[in-house]
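So this block is entry-v6.txt, compact mmCIF, C-alpha atoms:
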# COMPACT_ATOMS: atom_id res chain seq x y z
CA MET A 180 0.00 0.00 0.00
CA PRO A 181 1.40 3.40 -0.85
CA SER A 182 1.74 5.70 2.14
CA LYS A 183 1.83 9.50 2.26
CA TYR A 184 3.07 11.47 5.24
CA ARG A 185 2.48 15.11 6.17
CA TYR A 186 4.18 16.85 9.06
CA LEU A 187 3.21 20.06 10.76
CA VAL A 188 5.41 21.86 13.27
CA THR A 189 3.97 25.01 14.85
CA ILE A 190 5.17 27.13 17.74
CA GLN A 191 2.55 27.38 20.46
CA ASP A 192 4.50 29.40 23.02
CA VAL A 193 8.01 30.79 23.55
CA LYS A 194 9.36 32.41 26.71
CA SER A 195 12.85 33.74 27.39
CA THR A 196 14.54 32.35 30.47
CA PRO A 197 17.26 34.14 32.41
CA THR A 198 20.67 32.44 32.28
CA ASN A 199 23.89 33.05 34.16
CA SER A 200 26.87 34.16 32.13
CA SER A 201 28.79 31.12 33.42
CA THR A 202 26.28 28.56 32.17
CA ILE A 203 25.60 27.34 28.65
CA PRO A 204 22.34 28.75 27.27
CA MET A 205 19.74 26.00 26.98
CA CYS A 206 16.47 25.61 25.17
CA THR A 207 13.74 23.62 26.89
CA ILE A 208 11.39 22.19 24.27
CA GLU A 209 8.04 20.70 25.16
CA PHE A 210 6.71 18.64 22.26
CA HIS A 211 2.97 18.10 21.94
CA ILE A 212 2.79 15.23 19.45
CA ARG A 213 -0.43 14.07 17.82
CA PHE A 214 -0.67 11.21 15.30
CA ARG A 215 -3.46 10.81 12.76
CA TYR A 216 -3.84 7.75 10.56
CA GLN A 217 -6.24 7.22 7.66
CA LEU A 218 -6.84 4.11 5.57
CA LYS A 219 -8.52 4.76 2.20
CA PHE A 220 -9.53 2.80 -0.87
CA PRO A 221 -10.49 4.05 -4.34
CA SER A 222 -14.07 3.87 -5.59
CA ASN A 223 -15.37 3.70 -9.16
CA GLU A 224 -16.34 7.39 -9.03
CA GLY A 225 -12.66 8.35 -8.76
CA GLN A 226 -12.83 9.58 -5.18
CA GLU A 227 -11.22 7.80 -2.26
CA VAL A 228 -13.37 6.41 0.55
CA VAL A 229 -12.02 6.61 4.10
CA LEU A 230 -12.22 3.23 5.83
CA ASP A 231 -10.48 4.19 9.06
CA ASP A 232 -9.58 7.52 10.67
CA VAL A 233 -7.69 7.34 13.97
CA VAL A 234 -6.35 10.25 16.03
CA THR A 235 -4.22 9.34 19.02
CA PRO A 236 -4.21 11.22 22.32
CA GLU A 237 -1.63 13.95 22.58
CA GLN A 238 1.80 12.78 23.70
CA ARG A 239 3.98 15.26 25.59
CA VAL A 240 7.76 15.03 25.69
CA THR A 241 10.06 17.61 27.28
CA SER A 242 13.72 17.90 26.28
CA ARG A 243 16.60 20.30 26.92
CA LEU A 244 18.87 21.31 24.07
CA PRO A 245 22.11 23.33 24.37
CA LEU A 246 22.07 26.32 22.03
CA VAL A 247 25.82 26.66 21.57
CA PHE A 248 27.16 24.17 19.02
CA PRO A 249 30.15 24.81 16.77
CA LEU A 250 28.32 23.23 13.85
CA THR A 251 24.60 23.17 13.10
CA LEU A 252 24.93 19.48 12.20
CA TRP A 253 25.82 18.74 15.84
CA ARG A 254 22.58 20.41 16.95
CA GLU A 255 20.61 18.22 14.55
CA LEU A 256 22.39 15.06 15.75
CA TYR A 257 21.77 15.98 19.39
CA LEU A 258 18.13 16.75 18.65
CA SER A 259 17.78 13.42 16.84
CA ASP A 260 18.97 11.64 20.00
CA LEU A 261 16.44 13.59 22.06
CA LEU A 262 13.61 12.65 19.69
CA LYS A 263 14.38 8.92 20.09
CA ASN A 264 12.70 9.11 23.52
CA SER A 265 9.42 10.22 21.93
CA ASN A 266 8.61 6.84 20.30
CA LEU A 267 8.73 8.34 16.80
CA GLY A 268 9.78 6.16 13.88
CA SER A 269 13.12 6.77 12.21
CA ARG A 270 11.47 8.11 9.04
CA VAL A 271 9.37 10.57 11.05
CA ARG A 272 12.42 11.69 13.08
CA ALA A 273 14.43 12.17 9.89
CA CYS A 274 11.75 14.48 8.45
CA LEU A 275 11.02 16.40 11.65
CA ASN A 276 14.59 16.88 12.81
CA PRO A 277 15.62 19.59 10.28
CA LYS A 278 12.30 21.44 10.71
CA ILE A 279 12.63 21.55 14.50
CA ALA A 280 16.34 22.41 14.33
CA ASP A 281 15.59 25.32 11.96
CA THR A 282 12.81 26.55 14.26
CA VAL A 283 15.08 26.43 17.32
CA SER A 284 18.08 28.02 15.62
CA SER A 285 16.04 30.85 14.07
CA PHE A 286 14.50 31.76 17.41
CA ALA A 287 17.87 31.43 19.14
CA ALA A 288 19.37 33.88 16.63
CA ARG A 289 16.52 36.37 17.20
CA ASN A 290 16.86 35.93 20.97
CA GLY A 291 20.62 36.55 20.96
CA ASN A 292 21.40 32.90 21.78
CA LYS A 293 20.01 33.29 25.28
CA GLY A 294 18.05 30.54 26.96
CA PHE A 295 14.36 30.08 26.24
CA ASP A 296 11.47 27.69 26.72
CA MET A 297 9.48 26.63 23.66
CA VAL A 298 6.27 24.63 23.19
CA LEU A 299 6.01 22.98 19.77
CA ASN A 300 2.90 21.34 18.36
CA VAL A 301 3.90 18.45 16.09
CA GLY A 302 1.27 16.90 13.85
CA ILE A 303 1.97 13.67 11.98
CA PHE A 304 -0.59 12.64 9.37
CA LYS A 305 -0.24 9.30 7.58
CA VAL A 306 -2.56 8.21 4.78
CA GLU A 307 -2.42 4.72 3.29
CA THR A 308 -4.39 4.04 0.12
CA MET A 309 -5.31 0.51 -0.88
CA GLY A 310 -5.07 -0.28 -4.58
CA LYS A 311 -8.02 -1.73 -6.50
CA ASP A 312 -6.12 -5.02 -6.90
CA GLU A 313 -5.74 -5.30 -3.16
CA VAL A 314 -9.41 -4.46 -2.52
CA ASP A 315 -10.44 -7.12 -5.06
CA ARG A 316 -8.13 -9.69 -3.47
CA ILE A 317 -9.55 -9.04 0.02
CA ALA A 318 -13.14 -9.12 -1.29
CA ARG A 319 -12.51 -12.44 -3.09
CA GLY A 320 -11.13 -13.91 0.13
CA LEU A 321 -14.12 -12.72 2.15
CA VAL A 322 -16.85 -13.64 -0.31
CA GLY A 323 -15.23 -16.46 -2.29
CA VAL A 324 -16.31 -14.94 -5.63
CA PRO A 325 -14.12 -14.70 -8.78
CA SER A 326 -12.52 -11.29 -9.28
CA ASN A 327 -14.16 -10.53 -12.66
CA SER A 328 -17.65 -10.64 -11.11
CA LEU A 329 -16.81 -8.14 -8.30
CA ARG A 330 -17.33 -4.41 -8.76
CA LEU A 331 -16.45 -1.68 -6.31
CA CYS A 332 -19.19 0.68 -5.17
Since I need it in another form, could you write the structure as structure tokens?
Amino acid sequence: MPSKYRYLVTIQDVKSTPTNSSTIPMCTIEFHIRFRYQLKFPSNEGQEVVLDDVVTPEQRVTSRLPLVFPLTLWRELYLSDLLKNSNLGSRVRACLNPKIADTVSSFAARNGNKGFDMVLNVGIFKVETMGKDEVDRIARGLVGVPSNSLRLC
């Protein structure tokens, strides 16, 4: 089944936090993660019919990220390690990591690389579409009818 993913990262809230000059400025990120999954199959009219639509409860994960890295790649690698604790798949982490790193680094630059707290809403939307061949195969197995006599609604 072909799968399509969409990711949405929005900033819900950002607050500056005071830091001592002797400490490394840190960013505390609270992730609000929501998954949505849809299973669809094509109909004869050309539109797709939704068989299943599931939205999971919001998952919250809090992480701390140092803002001072000599290379931006290090920030992305560190962030990737932090995201492993959030039970996200490797493909999802690979897509979200640059988006979140860009969001953090752009706000850090505007904030003068001082510490801040950030709340990010992360939406993950996965749509799987069954092909007509697969729908026919499942229908044949359920009904026990030859494929040429089945028609989709």
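With CA of Ser265 (chain A) on one side and CA of Pro197 (chain A) on the other, the separation reads 27.3 Å.
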By how many Å are CA of Asp232 (chain A) and CA of Phe304 (chain A) apart?
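Between these atoms lies a distance of 10.4 Å.
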Using all atoms listed in the file for the distances, tell me which of A:Val301, A:Ile212, A:Leu246, A:Val234 is nearest to Ala288 (chain A).
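Smallest distance to Ala288 (chain A) is found for A:Leu246.
Of the residues listed (A:Val298, A:Cys274, A:Leu267, A:Val306), A:Val298 shows the shortest atom-to-atom separation from Thr241 (chain A); distances use only C-alpha atoms.
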Would you mind telling me which residue in A:Arg316, A:Arg289, A:Lys194, A:Lys219 lies nearest to Thr207 (chain A) when using only C-alpha atoms?
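So, comparing all the options, the nearest one is A:Lys194.
Nearest-residue note for Val188 (chain A): choosing from A:Asp312, A:Glu224, A:Tyr257, A:His211, the minimum distance belongs to A:His211, counting all atoms listed in the file.
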Which polymer residues, whether protein, DNA or RNA, lie within 8 Å of the coordinate (-3.2, 10.2, 13.0) when you count all atoms listed in the file? List them as a list in words, using the chain letters and numbers from the file.
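Checked against the point, the hits come out as Arg213, Phe214, Arg215, Tyr216, Gln217, Asp232, Val233, Val234, Thr235, Ile303, Phe304 and Lys305 of chain A.
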Would you compute, for all listed atoms of region 258-269 of chain A, the axis-aligned bounding box grown by 3 Å on each side, and then report its centre and edge lengths in Å rounded to one decimal, as AutoDock Vina command-line options?
--center_x 13.8 --center_y 11.5 --center_z 17.9 --size_x 16.4 --size_y 16.6 --size_z 17.3
Pick from A:Ser182, A:Val314, A:Gly302, A:Val322 nearest to Glu237 (chain A), counting all atoms listed in the file:
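Between A:Ser182, A:Val314, A:Gly302, A:Val322, the residue approaching Glu237 (chain A) most closely is A:Gly302.
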Quick one: distance from CA of Val228 (chain A) to CA of Thr189 (chain A) in Å, one decimal?
29.2 Å
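With distances restricted to only C-alpha atoms, A:Met309 is the closest residue to Lys183 (chain A) from A:Ala287, A:Met309, A:Ala273, A:Val247.
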Within 12 Å of Leu275 (chain A), counting only C-alpha atoms, which residues show up once you throw out same-chain ones fewer than 5 positions away? Write them as a PyMOL selection string, please.
chain A and resi 184-189+210+212+255+258-259+262-263+267-270+280-282+299-303
Dump as a compact mmCIF listing (two decimals), keeping the file's coordinate frame, selection limited to C-alpha atoms:
# COMPACT_ATOMS: atom_id res chain seq x y z
CA TYR A 184 3.07 11.47 5.24
CA ARG A 185 2.48 15.11 6.17
CA TYR A 186 4.18 16.85 9.06
CA LEU A 187 3.21 20.06 10.76
CA VAL A 188 5.41 21.86 13.27
CA THR A 189 3.97 25.01 14.85
CA PHE A 210 6.71 18.64 22.26
CA ILE A 212 2.79 15.23 19.45
CA GLU A 255 20.61 18.22 14.55
CA LEU A 258 18.13 16.75 18.65
CA SER A 259 17.78 13.42 16.84
CA LEU A 262 13.61 12.65 19.69
CA LYS A 263 14.38 8.92 20.09
CA LEU A 267 8.73 8.34 16.80
CA GLY A 268 9.78 6.16 13.88
CA SER A 269 13.12 6.77 12.21
CA ARG A 270 11.47 8.11 9.04
CA ALA A 280 16.34 22.41 14.33
CA ASP A 281 15.59 25.32 11.96
CA THR A 282 12.81 26.55 14.26
CA LEU A 299 6.01 22.98 19.77
CA ASN A 300 2.90 21.34 18.36
CA VAL A 301 3.90 18.45 16.09
CA GLY A 302 1.27 16.90 13.85
CA ILE A 303 1.97 13.67 11.98
